[in-house]
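Q: So I've got this file, upload-v1.pdb, and it contains PDB, C-alpha atoms and all ligand atoms:
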```
ATOM      1  CA  MET A   1      -4.435   3.710  27.634
ATOM      2  CA  ASN A   2      -8.099   3.997  26.571
ATOM      3  CA  GLN A   3      -7.731   5.714  23.223
ATOM      4  CA  ILE A   4      -5.191   5.842  20.418
ATOM      5  CA  GLU A   5      -4.863   8.097  17.378
ATOM      6  CA  LEU A   6      -2.895   6.869  14.372
ATOM      7  CA  PHE A   7      -1.437   7.898  11.042
ATOM      8  CA  CYS A   8      -2.069   4.957   8.718
ATOM      9  CA  PRO A   9       0.227   5.181   5.690
ATOM     10  CA  ALA A  10      -0.658   4.795   2.043
ATOM     11  CA  THR A  11       1.340   2.031   0.350
ATOM     12  CA  ILE A  12       2.606   1.082  -3.096
ATOM     13  CA  ALA A  13       2.104  -2.629  -3.725
ATOM     14  CA  ASN A  14       3.870  -4.767  -6.339
ATOM     15  CA  VAL A  15       6.659  -2.200  -6.955
ATOM     16  CA  SER A  16       6.751  -3.269 -10.638
ATOM     17  CA  CYS A  17       8.306  -6.748 -10.637
ATOM     18  CA  GLY A  18       6.892  -8.025  -7.312
ATOM     19  CA  PHE A  19       3.209  -8.711  -7.994
ATOM     20  CA  ASP A  20       1.568  -9.659  -4.666
ATOM     21  CA  VAL A  21       4.943  -9.913  -2.874
ATOM     22  CA  LEU A  22       6.607  -6.467  -2.744
ATOM     23  CA  GLY A  23       5.290  -3.265  -1.179
ATOM     24  CA  LEU A  24       6.454  -0.042   0.390
ATOM     25  CA  ALA A  25       4.979   2.553   2.740
ATOM     26  CA  LEU A  26       4.674   6.296   2.110
ATOM     27  CA  ASP A  27       5.439   8.988   4.616
ATOM     28  CA  SER A  28       3.313  11.940   3.598
ATOM     29  CA  VAL A  29       0.067  10.314   2.438
ATOM     30  CA  GLY A  30      -2.264   8.384   4.706
ATOM     31  CA  ASP A  31      -5.448   8.181   6.777
ATOM     32  CA  ARG A  32      -6.051   9.080  10.390
ATOM     33  CA  MET A  33      -7.815   6.756  12.755
ATOM     34  CA  VAL A  34      -9.014   7.042  16.353
ATOM     35  CA  ILE A  35      -9.721   3.843  18.298
ATOM     36  CA  ARG A  36     -11.322   3.775  21.742
ATOM     37  CA  LYS A  37     -11.907   1.047  24.307
ATOM     38  CA  THR A  38     -15.577   0.526  25.228
ATOM     39  CA  ALA A  39     -17.236  -1.400  28.052
ATOM     40  CA  GLU A  40     -19.515  -3.018  25.469
ATOM     41  CA  LYS A  41     -17.736  -5.930  23.748
ATOM     42  CA  GLY A  42     -17.332  -6.169  19.966
ATOM     43  CA  VAL A  43     -16.339  -3.589  17.343
ATOM     44  CA  ARG A  44     -18.311  -0.547  16.189
ATOM     45  CA  ILE A  45     -17.355   1.835  13.387
ATOM     46  CA  THR A  46     -18.774   5.077  14.766
ATOM     47  CA  LYS A  47     -17.574   7.636  12.222
ATOM     48  CA  ILE A  48     -16.107   7.769   8.707
ATOM     49  CA  VAL A  49     -15.074  11.179   7.363
ATOM     50  CA  GLY A  50     -13.908  11.907   3.812
ATOM     51  CA  GLN A  51     -15.437   8.926   1.978
ATOM     52  CA  THR A  52     -18.746   7.101   1.835
ATOM     53  CA  LEU A  53     -17.998   3.655   3.204
ATOM     54  CA  PRO A  54     -20.100   1.167   5.194
ATOM     55  CA  LEU A  55     -20.403   1.666   8.963
ATOM     56  CA  ASP A  56     -21.566  -1.939   9.366
ATOM     57  CA  THR A  57     -18.642  -3.701  11.091
ATOM     58  CA  HIS A  58     -18.975  -6.816   8.933
ATOM     59  CA  LYS A  59     -18.958  -4.797   5.695
ATOM     60  CA  ASN A  60     -16.079  -2.485   6.603
ATOM     61  CA  VAL A  61     -12.479  -3.662   6.108
ATOM     62  CA  ALA A  62     -11.384  -2.136   9.428
ATOM     63  CA  GLY A  63     -14.252  -3.902  11.220
ATOM     64  CA  VAL A  64     -13.529  -7.273   9.632
ATOM     65  CA  ALA A  65      -9.788  -7.051  10.387
ATOM     66  CA  ALA A  66     -10.531  -5.985  13.979
ATOM     67  CA  LEU A  67     -12.930  -8.920  14.455
ATOM     68  CA  ALA A  68     -10.288 -11.331  13.088
ATOM     69  CA  LEU A  69      -7.879 -10.104  15.773
ATOM     70  CA  LEU A  70     -10.470 -10.183  18.583
ATOM     71  CA  SER A  71     -11.439 -13.760  17.698
ATOM     72  CA  LYS A  72      -7.929 -14.748  18.897
ATOM     73  CA  THR A  73      -8.183 -12.908  22.238
ATOM     74  CA  ASP A  74     -10.497 -12.979  25.245
ATOM     75  CA  SER A  75     -10.717  -9.194  25.544
ATOM     76  CA  ALA A  76     -13.067  -8.108  28.346
ATOM     77  CA  PHE A  77     -13.962  -4.924  26.486
ATOM     78  CA  GLY A  78     -14.804  -3.759  22.965
ATOM     79  CA  PHE A  79     -13.662  -1.013  20.601
ATOM     80  CA  GLU A  80     -15.064   1.861  18.594
ATOM     81  CA  ILE A  81     -13.296   3.133  15.521
ATOM     82  CA  GLU A  82     -13.340   6.534  13.797
ATOM     83  CA  ILE A  83     -11.770   6.695  10.332
ATOM     84  CA  TYR A  84     -10.671   9.922   8.663
ATOM     85  CA  LYS A  85     -10.013   8.917   5.043
ATOM     86  CA  ASN A  86      -7.514  10.768   2.910
ATOM     87  CA  ILE A  87      -6.823   7.782   0.655
ATOM     88  CA  LYS A  88      -9.599   7.171  -1.844
ATOM     89  CA  PRO A  89     -10.816   3.583  -2.280
ATOM     90  CA  GLY A  90      -9.817   2.238  -5.699
ATOM     91  CA  SER A  91      -6.829   4.601  -5.942
ATOM     92  CA  GLY A  92      -4.092   1.939  -5.964
ATOM     93  CA  ILE A  93      -2.279   3.290  -2.929
ATOM     94  CA  GLY A  94      -3.662   0.933  -0.330
ATOM     95  CA  SER A  95      -6.851   2.541   0.940
ATOM     96  CA  SER A  96      -8.308  -0.686   2.343
ATOM     97  CA  ALA A  97      -4.905  -1.711   3.708
ATOM     98  CA  ALA A  98      -4.506   1.537   5.658
ATOM     99  CA  SER A  99      -7.876   0.971   7.362
ATOM    100  CA  SER A 100      -7.385  -2.769   7.982
ATOM    101  CA  ALA A 101      -3.831  -2.382   9.253
ATOM    102  CA  GLY A 102      -4.716   0.702  11.326
ATOM    103  CA  ALA A 103      -7.561  -1.113  13.082
ATOM    104  CA  VAL A 104      -5.481  -4.112  14.119
ATOM    105  CA  PHE A 105      -2.435  -2.026  15.056
ATOM    106  CA  GLY A 106      -4.511   0.318  17.249
ATOM    107  CA  ILE A 107      -6.448  -2.454  18.979
ATOM    108  CA  ASN A 108      -3.249  -4.404  19.613
ATOM    109  CA  GLU A 109      -1.722  -1.324  21.289
ATOM    110  CA  LEU A 110      -4.840  -0.835  23.458
ATOM    111  CA  LEU A 111      -4.692  -4.515  24.461
ATOM    112  CA  GLY A 112      -1.057  -4.137  25.608
ATOM    113  CA  ARG A 113       0.491  -5.644  22.453
ATOM    114  CA  PRO A 114      -0.333  -9.358  22.690
ATOM    115  CA  PHE A 115       0.668  -9.713  19.007
ATOM    116  CA  SER A 116       3.794  -8.750  17.045
ATOM    117  CA  ASN A 117       3.402  -6.486  14.005
ATOM    118  CA  HIS A 118       4.189  -9.551  11.875
ATOM    119  CA  ASP A 119       1.257 -11.435  13.516
ATOM    120  CA  LEU A 120      -1.036  -8.481  12.807
ATOM    121  CA  ILE A 121      -0.501  -8.864   9.047
ATOM    122  CA  ALA A 122      -2.656 -12.019   9.028
ATOM    123  CA  PHE A 123      -5.603 -10.197  10.687
ATOM    124  CA  ALA A 124      -5.284  -7.172   8.396
ATOM    125  CA  MET A 125      -5.297  -9.509   5.381
ATOM    126  CA  GLU A 126      -8.909 -10.391   6.256
ATOM    127  CA  GLY A 127      -9.813  -6.770   5.462
ATOM    128  CA  GLU A 128      -8.096  -7.170   2.087
ATOM    129  CA  ARG A 129     -10.103 -10.342   1.476
ATOM    130  CA  LEU A 130     -13.308  -8.337   1.980
ATOM    131  CA  ALA A 131     -12.119  -5.499  -0.267
ATOM    132  CA  SER A 132     -10.766  -7.456  -3.218
ATOM    133  CA  GLY A 133     -11.771 -11.087  -2.780
ATOM    134  CA  VAL A 134      -8.129 -12.083  -2.180
ATOM    135  CA  ALA A 135      -6.255 -11.845   1.123
ATOM    136  CA  HIS A 136      -3.091 -10.346  -0.376
ATOM    137  CA  ALA A 137      -0.492  -8.962   2.066
ATOM    138  CA  ASP A 138       1.605  -6.648  -0.087
ATOM    139  CA  ASN A 139      -0.147  -3.461   1.113
ATOM    140  CA  VAL A 140      -0.875  -4.364   4.749
ATOM    141  CA  ALA A 141       2.699  -5.607   5.324
ATOM    142  CA  PRO A 142       4.442  -2.283   4.577
ATOM    143  CA  ALA A 143       1.611  -0.386   6.325
ATOM    144  CA  LEU A 144       2.375  -2.360   9.512
ATOM    145  CA  LEU A 145       6.129  -2.927   9.284
ATOM    146  CA  GLY A 146       7.145   0.211   7.375
ATOM    147  CA  GLY A 147       9.775   0.448   4.658
ATOM    148  CA  VAL A 148       9.915  -2.020   1.801
ATOM    149  CA  THR A 149       8.517  -5.479   2.541
ATOM    150  CA  LEU A 150       8.693  -8.847   0.818
ATOM    151  CA  VAL A 151       5.922 -11.400   1.320
ATOM    152  CA  ARG A 152       7.984 -14.559   0.908
ATOM    153  CA  SER A 153       4.973 -16.725   1.689
ATOM    154  CA  THR A 154       1.392 -16.274   2.895
ATOM    155  CA  ALA A 155       0.867 -19.863   4.068
ATOM    156  CA  PRO A 156       2.653 -19.965   6.414
ATOM    157  CA  LEU A 157       2.936 -16.202   6.671
ATOM    158  CA  ASP A 158       6.564 -15.138   6.243
ATOM    159  CA  VAL A 159       7.113 -11.427   5.598
ATOM    160  CA  LEU A 160      10.535  -9.780   5.524
ATOM    161  CA  LYS A 161      11.356  -6.131   6.017
ATOM    162  CA  ILE A 162      13.903  -5.104   3.398
ATOM    163  CA  HIS A 163      16.483  -2.347   3.866
ATOM    164  CA  THR A 164      15.330   1.056   2.557
ATOM    165  CA  PRO A 165      18.045   3.280   1.028
ATOM    166  CA  SER A 166      18.046   6.635   2.807
ATOM    167  CA  GLU A 167      17.625   8.748  -0.330
ATOM    168  CA  LEU A 168      14.765   6.793  -1.861
ATOM    169  CA  TYR A 169      11.691   8.909  -2.690
ATOM    170  CA  ALA A 170       8.417   8.101  -4.396
ATOM    171  CA  THR A 171       6.344  10.269  -6.702
ATOM    172  CA  VAL A 172       2.751   9.124  -7.127
ATOM    173  CA  ILE A 173       0.084  10.411  -9.474
ATOM    174  CA  HIS A 174      -3.457   9.442  -8.643
ATOM    175  CA  PRO A 175      -5.776  10.069 -11.598
ATOM    176  CA  GLN A 176      -9.280  10.566 -10.195
ATOM    177  CA  ILE A 177     -10.800   7.462 -11.713
ATOM    178  CA  GLU A 178     -11.556   4.290  -9.790
ATOM    179  CA  VAL A 179     -10.081   0.904 -10.692
ATOM    180  CA  LYS A 180     -11.434  -1.882  -8.481
ATOM    181  CA  THR A 181      -8.687  -4.286  -7.420
ATOM    182  CA  SER A 182     -11.045  -7.210  -8.041
ATOM    183  CA  ASP A 183     -11.582  -6.058 -11.682
ATOM    184  CA  ALA A 184      -7.857  -5.423 -12.171
ATOM    185  CA  ARG A 185      -7.139  -8.971 -10.961
ATOM    186  CA  GLU A 186      -9.860 -10.512 -13.098
ATOM    187  CA  ILE A 187      -8.160  -9.436 -16.343
ATOM    188  CA  LEU A 188      -4.802 -11.044 -15.497
ATOM    189  CA  ARG A 189      -3.725 -14.302 -17.103
ATOM    190  CA  SER A 190      -3.406 -17.208 -14.687
ATOM    191  CA  ALA A 191      -0.351 -18.745 -16.394
ATOM    192  CA  VAL A 192       3.017 -17.159 -17.155
ATOM    193  CA  PRO A 193       5.436 -18.487 -19.819
ATOM    194  CA  LEU A 194       8.684 -19.723 -18.287
ATOM    195  CA  LYS A 195      10.723 -17.171 -20.278
ATOM    196  CA  THR A 196       8.706 -14.311 -18.796
ATOM    197  CA  ALA A 197       8.908 -15.758 -15.279
ATOM    198  CA  ILE A 198      12.708 -15.880 -15.579
ATOM    199  CA  GLN A 199      12.837 -12.176 -16.477
ATOM    200  CA  GLN A 200      10.533 -11.349 -13.583
ATOM    201  CA  TRP A 201      12.397 -13.201 -10.835
ATOM    202  CA  GLY A 202      15.684 -11.843 -12.145
ATOM    203  CA  ASN A 203      14.278  -8.372 -11.512
ATOM    204  CA  VAL A 204      12.897  -9.235  -8.062
ATOM    205  CA  GLY A 205      16.320 -10.499  -7.003
ATOM    206  CA  GLY A 206      17.994  -7.456  -8.553
ATOM    207  CA  LEU A 207      15.651  -5.057  -6.781
ATOM    208  CA  ILE A 208      16.210  -6.664  -3.371
ATOM    209  CA  SER A 209      19.962  -6.633  -3.907
ATOM    210  CA  GLY A 210      19.852  -2.995  -5.085
ATOM    211  CA  LEU A 211      17.876  -1.956  -1.991
ATOM    212  CA  TYR A 212      20.337  -3.611   0.397
ATOM    213  CA  THR A 213      23.445  -2.310  -1.341
ATOM    214  CA  GLU A 214      21.881   1.136  -1.989
ATOM    215  CA  ASP A 215      22.748   0.641  -5.656
ATOM    216  CA  TYR A 216      20.265   3.087  -7.180
ATOM    217  CA  ASP A 217      21.109   2.126 -10.775
ATOM    218  CA  LEU A 218      20.395  -1.515 -10.030
ATOM    219  CA  ILE A 219      17.110  -0.512  -8.369
ATOM    220  CA  GLY A 220      16.205   1.367 -11.560
ATOM    221  CA  ARG A 221      17.177  -1.507 -13.885
ATOM    222  CA  SER A 222      15.103  -3.904 -11.802
ATOM    223  CA  LEU A 223      11.888  -1.819 -11.850
ATOM    224  CA  GLU A 224      10.491  -3.798 -14.781
ATOM    225  CA  ASP A 225       7.289  -5.782 -14.920
ATOM    226  CA  HIS A 226       6.863  -8.252 -17.774
ATOM    227  CA  ILE A 227       3.729  -9.898 -16.401
ATOM    228  CA  VAL A 228       1.132  -7.467 -15.044
ATOM    229  CA  GLU A 229       1.987  -4.038 -16.451
ATOM    230  CA  PRO A 230       1.378  -4.950 -20.122
ATOM    231  CA  ILE A 231      -2.202  -5.954 -19.234
ATOM    232  CA  ARG A 232      -3.185  -3.421 -16.584
ATOM    233  CA  SER A 233      -1.576  -0.362 -18.134
ATOM    234  CA  ILE A 234      -4.357  -0.180 -20.720
ATOM    235  CA  LEU A 235      -6.760   0.780 -17.898
ATOM    236  CA  ILE A 236      -4.710   3.898 -17.070
ATOM    237  CA  PRO A 237      -4.975   7.036 -19.239
ATOM    238  CA  ALA A 238      -1.585   8.316 -20.511
ATOM    239  CA  TYR A 239       0.286   5.534 -18.701
ATOM    240  CA  ASN A 240       3.151   5.308 -21.189
ATOM    241  CA  ALA A 241       3.541   9.090 -21.394
ATOM    242  CA  VAL A 242       3.761   9.352 -17.581
ATOM    243  CA  LYS A 243       6.356   6.603 -17.434
ATOM    244  CA  GLU A 244       8.376   8.145 -20.241
ATOM    245  CA  THR A 245       8.429  11.643 -18.739
ATOM    246  CA  SER A 246       9.336  10.231 -15.303
ATOM    247  CA  LEU A 247      12.380   8.450 -16.708
ATOM    248  CA  LYS A 248      13.387  11.496 -18.776
ATOM    249  CA  SER A 249      13.182  13.644 -15.627
ATOM    250  CA  GLY A 250      15.595  11.372 -13.812
ATOM    251  CA  ALA A 251      13.422   8.760 -12.068
ATOM    252  CA  LEU A 252      15.088   5.409 -11.445
ATOM    253  CA  GLY A 253      11.990   3.633 -12.703
ATOM    254  CA  ALA A 254       8.197   3.827 -12.763
ATOM    255  CA  GLY A 255       5.256   1.476 -12.727
ATOM    256  CA  ILE A 256       1.654   0.882 -11.702
ATOM    257  CA  SER A 257       0.997   1.419  -7.999
ATOM    258  CA  GLY A 258      -0.848  -1.658  -6.726
ATOM    259  CA  SER A 259      -3.745  -2.394  -9.048
ATOM    260  CA  GLY A 260      -3.834   1.216 -10.345
ATOM    261  CA  PRO A 261      -4.893   3.722 -11.514
ATOM    262  CA  SER A 262      -2.103   5.425  -9.525
ATOM    263  CA  ILE A 263       1.327   5.404 -11.147
ATOM    264  CA  PHE A 264       4.501   5.605  -9.071
ATOM    265  CA  ALA A 265       8.092   6.553  -9.834
ATOM    266  CA  LEU A 266      11.079   6.030  -7.538
ATOM    267  CA  SER A 267      13.912   8.551  -7.475
ATOM    268  CA  LYS A 268      17.149   9.211  -5.666
ATOM    269  CA  GLY A 269      16.583  12.358  -3.612
ATOM    270  CA  MET A 270      13.621  14.672  -3.111
ATOM    271  CA  GLU A 271      14.692  17.167  -5.742
ATOM    272  CA  VAL A 272      14.527  14.600  -8.535
ATOM    273  CA  ALA A 273      11.242  13.199  -7.151
ATOM    274  CA  GLU A 274       9.720  16.697  -7.288
ATOM    275  CA  LYS A 275      10.996  17.296 -10.806
ATOM    276  CA  VAL A 276       9.404  13.987 -11.808
ATOM    277  CA  GLY A 277       6.137  15.159 -10.206
ATOM    278  CA  ASP A 278       6.206  18.417 -12.187
ATOM    279  CA  SER A 279       6.784  16.597 -15.458
ATOM    280  CA  ILE A 280       3.903  14.197 -14.725
ATOM    281  CA  LYS A 281       1.601  17.153 -13.987
ATOM    282  CA  LYS A 282       2.429  18.609 -17.410
ATOM    283  CA  VAL A 283       1.402  15.343 -19.059
ATOM    284  CA  TYR A 284      -1.787  14.991 -17.054
ATOM    285  CA  ASP A 285      -2.897  18.593 -17.512
ATOM    286  CA  LYS A 286      -3.467  17.644 -21.165
ATOM    287  CA  VAL A 287      -5.419  14.469 -20.343
ATOM    288  CA  GLY A 288      -8.446  16.238 -18.893
ATOM    289  CA  ILE A 289      -8.846  14.007 -15.831
ATOM    290  CA  ASP A 290      -8.416  15.472 -12.340
ATOM    291  CA  TYR A 291      -5.428  14.123 -10.454
ATOM    292  CA  ASP A 292      -3.322  14.443  -7.299
ATOM    293  CA  VAL A 293       0.447  14.185  -7.269
ATOM    294  CA  HIS A 294       2.287  13.214  -4.083
ATOM    295  CA  VAL A 295       6.018  13.243  -3.425
ATOM    296  CA  SER A 296       7.020  11.230  -0.386
ATOM    297  CA  LYS A 297      10.004   9.788   1.364
ATOM    298  CA  ILE A 298       9.683   6.072   2.042
ATOM    299  CA  ASN A 299       8.166   5.634   5.498
ATOM    300  CA  THR A 300      10.338   3.200   7.424
ATOM    301  CA  GLU A 301       8.185   3.115  10.597
ATOM    302  CA  GLY A 302       4.760   2.079   9.264
ATOM    303  CA  MET A 303       1.895   3.097  11.571
ATOM    304  CA  LYS A 304       2.587   6.243  13.595
ATOM    305  CA  ILE A 305       0.970   6.975  16.963
ATOM    306  CA  LEU A 306      -0.117  10.645  16.982
TER     307      LEU A 306
HETATM  308  N1  LIG A 401      -1.014  -7.065  -5.355
HETATM  309  C1  LIG A 401      -2.325  -6.501  -5.412
HETATM  310  C2  LIG A 401      -2.735  -6.393  -6.870
HETATM  311  C3  LIG A 401      -2.301  -5.148  -4.775
HETATM  312  O1  LIG A 401      -1.954  -5.865  -7.649
HETATM  313  O2  LIG A 401      -3.823  -6.850  -7.221
HETATM  314  C4  LIG A 401      -3.596  -4.418  -4.812
HETATM  315  O3  LIG A 401      -3.405  -3.152  -4.225
END
```
Starting from the coordinates I provided, produce the structure as C-alpha cells.
Ligand code: HSE

A:
Amino acid sequence: MNQIELFCPATIANVSCGFDVLGLALDSVGDRMVIRKTAEKGVRITKIVGQTLPLDTHKNVAGVAALALLSKTDSAFGFEIEIYKNIKPGSGIGSSAASSAGAVFGINELLGRPFSNHDLIAFAMEGERLASGVAHADNVAPALLGGVTLVRSTAPLDVLKIHTPSELYATVIHPQIEVKTSDAREILRSAVPLKTAIQQWGNVGGLISGLYTEDYDLIGRSLEDHIVEPIRSILIPAYNAVKETSLKSGALGAGISGSGPSIFALSKGMEVAEKVGDSIKKVYDKVGIDYDVHVSKINTEGMKIL
C-alpha cells in the first residue's frame, strides 16, 4: 500500500466531569486526510484545504506527530500529507487531535502497523503539545481508539476504551468564535478544594458505571462539572441558555466540549438529539453569532480508512 485516505473524527474532550481524562469520538463530523509514501525520507505537508494552517512540518500538528512516530522507526522512505479540514481550529471539537491522530494512524498503516493504536496516542500527543502547550490525550485517544475513552494515566500512558451504549447520540453547537485551548487552560485554577474534588470523582465513577450498564439516567446525573465549567462557561455566549434548553428538550446532560466554545449535549436516541439541536438553534438565532449544529452517533471505530 502506497497511499491511504482517512476520515479523522472530531472529538468531545472532558465530557463534563472528566477534565483531561474523558473523551468521545463523533461519527458524522471530521477531517479527511491523504497520506502517501515517498522515496524522499522525512515528512512533508503538501496541501491543506479548508483552513489556513502552516505547511511547515515542524509547525503543523500533523507534521510534529508524524515526526515523533518516525523517530521510533528506521523507515526507508518518507511521507507526504494532504489535509482537508472540516473541523475549525479553536472550535473545541478536537481539530488538532484529528490531524495529529490521522497522521500517525495513516503512517502506521503504510508502515505495516508496527505500533498498536494505544502506542500511537503518545505520538499524537506531541501534536497536542504544539497546539496547546500541553500534551493532553483526551482528544487523540478517542480519535484513535473510537468510542468513549478514559486516560487513566499519561506517564506511563494507560488509556482505556469504555463501553459505548448503542443509543447514545451527541448534539454539538459550534458558535463561530475561536477559543484557544491555551487561553482556556490559562484561566483555570491550579488547586481544587477537597469538597469539590469529591463531587467530581463521584461523577466520573458514575459516568463510567452508567456507560457500562447502559443506565442513561445515571449517565445524565453524572454529566456535571464542578471544576472547569463554572470558569470556562463565561467565555461562551448563551452557555446557560443552551444547557437549559437542551435539558428541557430531553438531553441527558450538556456541557462544554473540550475547551469550548462548542457545547455538547448527550441524548438517548437520534430523535431526542435532533430535537435538542432544534432547540439550541432557536436560542442561538437570537444571539447574533453564526453557528453550526451537528447531531452525531458516537463513533466506536475511531479513524476510518476510506
Ligand atoms: N482537556 C483539554 C482541555 C481538551 O479542556 O483543555 C482540549 O480540547

Q: Under the rule that all atoms listed in the file are counted, which of A:Asn240, A:Ser233, A:Asn108, A:Ser296 is the nearest residue to ligand LIG 401 (chain A)?

A: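 Result for the nearest residue to ligand LIG 401 (chain A): A:Ser233.
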
Q: Find the residues around Lys286 in chain A up to 12 Å (only C-alpha atoms counted), leave out those fewer than 3 positions away in its own chain, and share them as a VMD selection string.

A: chain A and resid 237 to 238 241 to 242 279 to 283 289 to 291

Q: Within 7 Å of ligand LIG 401 (chain A), which residues of chain A come that close, and what is the closest atom pair and distance in Å for each? Count only C-alpha atoms and all ligand atoms and give it as a tab-separated table.

A:
```
residue	atom	partner	partner_atom	distance
A:Ala13	CA	A:LIG401	C3	5.2
A:Asn14	CA	A:LIG401	N1	5.5
A:Phe19	CA	A:LIG401	N1	5.2
A:Asp20	CA	A:LIG401	N1	3.7
A:Gly92	CA	A:LIG401	O3	5.4
A:Ile93	CA	A:LIG401	O3	6.7
A:Gly94	CA	A:LIG401	O3	5.7
A:His136	CA	A:LIG401	N1	6.3
A:Asp138	CA	A:LIG401	N1	5.9
A:Asn139	CA	A:LIG401	O3	6.3
A:Thr181	CA	A:LIG401	O2	5.5
A:Ala184	CA	A:LIG401	O2	6.5
A:Arg185	CA	A:LIG401	O2	5.4
A:Gly258	CA	A:LIG401	O3	3.9
A:Ser259	CA	A:LIG401	O1	4.1
```

Q: Would you mind reading off the distance between CA of Phe79 in chain A and CA of Ala62 in chain A, one decimal, in Å?

A: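 For CA of Phe79 in chain A relative to CA of Ala62 in chain A, the distance reads 11.5 Å.
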
Q: Enumerate, as number ranges by chain, the residues matched when the PyMOL selection byres (((chain A and resi 91) around 9) and not hetatm) is run on the file above.

A: A: 87-90, 92-95, 174-180, 257-262

Q: Using all atoms listed in the file, pick whichever of A:Val172, A:Ala141, A:Ile198, A:Leu69 has the shortest atom-to-atom distance to Glu126 in chain A.

A: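 Among the listed residues, A:Leu69 lies closest to Glu126 in chain A.
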
Q: Using all atoms listed in the file, determine which residues lie at most 8 Å from range 46-57 of chain A, disregarding the query and same-chain residues fewer than 5 positions distant; provide the list as a list in words.

A: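 Neighbouring residues, sequence-local ones excluded: Ala62, Gly63, Val64, Glu80, Ile81, Glu82, Ile83, Tyr84, Lys85, Asn86 and Lys88 of chain A.
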
Q: To one decimal place in Å, what is the distance between CA of Ala124 in chain A and CA of Met33 in chain A?

A: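 Separating CA of Ala124 in chain A from CA of Met33 in chain A is a distance of 14.8 Å.
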
Q: Which centre and edge lengths in Å to one decimal define the box along x, y and z that fits every listed atom of range 85-94 of chain A plus 3 Å per side, as AutoDock Vina command-line options?

A:
```
--center_x -6.5 --center_y 5.9 --center_z -0.5 --size_x 14.5 --size_y 15.8 --size_z 17.0
```

Q: Give me the residues within 6 Å of range 147-151 of chain A as a list in words, counting all atoms listed in the file and dropping any in the same chain fewer than 2 places off.

A: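 Close residues of range 147-151 of chain A: Val21, Leu22, Gly23, Leu24, Ala25, Pro142, Ser153, Val159, Leu160, Lys161, Ile162, Thr164, Asn299 and Thr300 of chain A.
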
Q: Work out how far CA of Ile263 in chain A is from CA of Val204 in chain A, in Å to one decimal.

A: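 Pair CA of Val204 in chain A / CA of Ile263 in chain A returns 18.9 Å.
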
Q: Please determine, counting only C-alpha atoms, which residue among A:Arg36, A:Arg152, A:His226, A:Lys304 has the shortest atom-to-atom distance to Pro193 in chain A.

A: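 Using only C-alpha atoms, the shortest distance to Pro193 in chain A belongs to A:His226.
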
Q: Can you turn the PyMOL selection byres (((chain A and resi 264) around 9) and not hetatm) into a concrete residue list for this file, as a ChimeraX atom specification?

A: /A:12,15,170-174,243,253-257,262-263,265-266

Q: Write the residues you've just listed into a file as a PDB file, in the coordinates of the input, and include C-alpha atoms for each of them.

A:
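selection38.pdb, written as the output of this step:
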```pdb
ATOM      1  CA  ILE A  12       2.606   1.082  -3.096  1.00  0.00           C
ATOM      2  CA  VAL A  15       6.659  -2.200  -6.955  1.00  0.00           C
ATOM      3  CA  ALA A 170       8.417   8.101  -4.396  1.00  0.00           C
ATOM      4  CA  THR A 171       6.344  10.269  -6.702  1.00  0.00           C
ATOM      5  CA  VAL A 172       2.751   9.124  -7.127  1.00  0.00           C
ATOM      6  CA  ILE A 173       0.084  10.411  -9.474  1.00  0.00           C
ATOM      7  CA  HIS A 174      -3.457   9.442  -8.643  1.00  0.00           C
ATOM      8  CA  LYS A 243       6.356   6.603 -17.434  1.00  0.00           C
ATOM      9  CA  GLY A 253      11.990   3.633 -12.703  1.00  0.00           C
ATOM     10  CA  ALA A 254       8.197   3.827 -12.763  1.00  0.00           C
ATOM     11  CA  GLY A 255       5.256   1.476 -12.727  1.00  0.00           C
ATOM     12  CA  ILE A 256       1.654   0.882 -11.702  1.00  0.00           C
ATOM     13  CA  SER A 257       0.997   1.419  -7.999  1.00  0.00           C
ATOM     14  CA  SER A 262      -2.103   5.425  -9.525  1.00  0.00           C
ATOM     15  CA  ILE A 263       1.327   5.404 -11.147  1.00  0.00           C
ATOM     16  CA  ALA A 265       8.092   6.553  -9.834  1.00  0.00           C
ATOM     17  CA  LEU A 266      11.079   6.030  -7.538  1.00  0.00           C
TER      18      LEU A 266
END
```

Q: When the PyMOL selection byres (((chain A and resi 212) around 9) and not hetatm) is applied to the structure above, which residues does it catch, written out as a PyMOL selection string?

A: chain A and resi 162-165+207-211+213-215

Q: Up to 9 Å from (5.6, -1.9, 14.5) in the file's coordinates: name the residues, counting only C-alpha atoms, as a PyMOL selection string.

A: chain A and resi 105+116-118+144-146+301-304

Q: Hey, what's within 9 Å of Leu70 in chain A if we count all atoms listed in the file and toss same-chain stuff fewer than 5 positions away? As a VMD selection string, please?

A: chain A and resid 42 to 43 65 75 78 107

Q: Have a look at A:Ile234, A:Ala155, A:Val34, A:Val228 and name the one nearest to Ser190 in chain A; count only C-alpha atoms.

A: A:Val228

Q: Can you fill out range 277-281 of chain A with N, CA, C and O atoms and hand it back as a tab-separated table (two decimals), in the coordinates of the input?

A:
```tsv
chain	number	residue	atom	x	y	z
A	277	GLY	N	7.53	14.77	-10.46
A	277	GLY	CA	6.14	15.16	-10.21
A	277	GLY	C	5.69	16.28	-11.14
A	277	GLY	O	4.61	16.24	-11.71
A	278	ASP	N	6.55	17.29	-11.31
A	278	ASP	CA	6.21	18.42	-12.19
A	278	ASP	C	6.02	17.96	-13.64
A	278	ASP	O	5.10	18.40	-14.33
A	279	SER	N	6.89	17.05	-14.06
A	279	SER	CA	6.78	16.60	-15.46
A	279	SER	C	5.51	15.76	-15.66
A	279	SER	O	4.87	15.83	-16.70
A	280	ILE	N	5.14	15.00	-14.62
A	280	ILE	CA	3.90	14.20	-14.72
A	280	ILE	C	2.69	15.13	-14.79
A	280	ILE	O	1.74	14.90	-15.55
A	281	LYS	N	2.73	16.20	-13.98
A	281	LYS	CA	1.60	17.15	-13.99
A	281	LYS	C	1.41	17.72	-15.39
A	281	LYS	O	0.27	17.86	-15.85
```
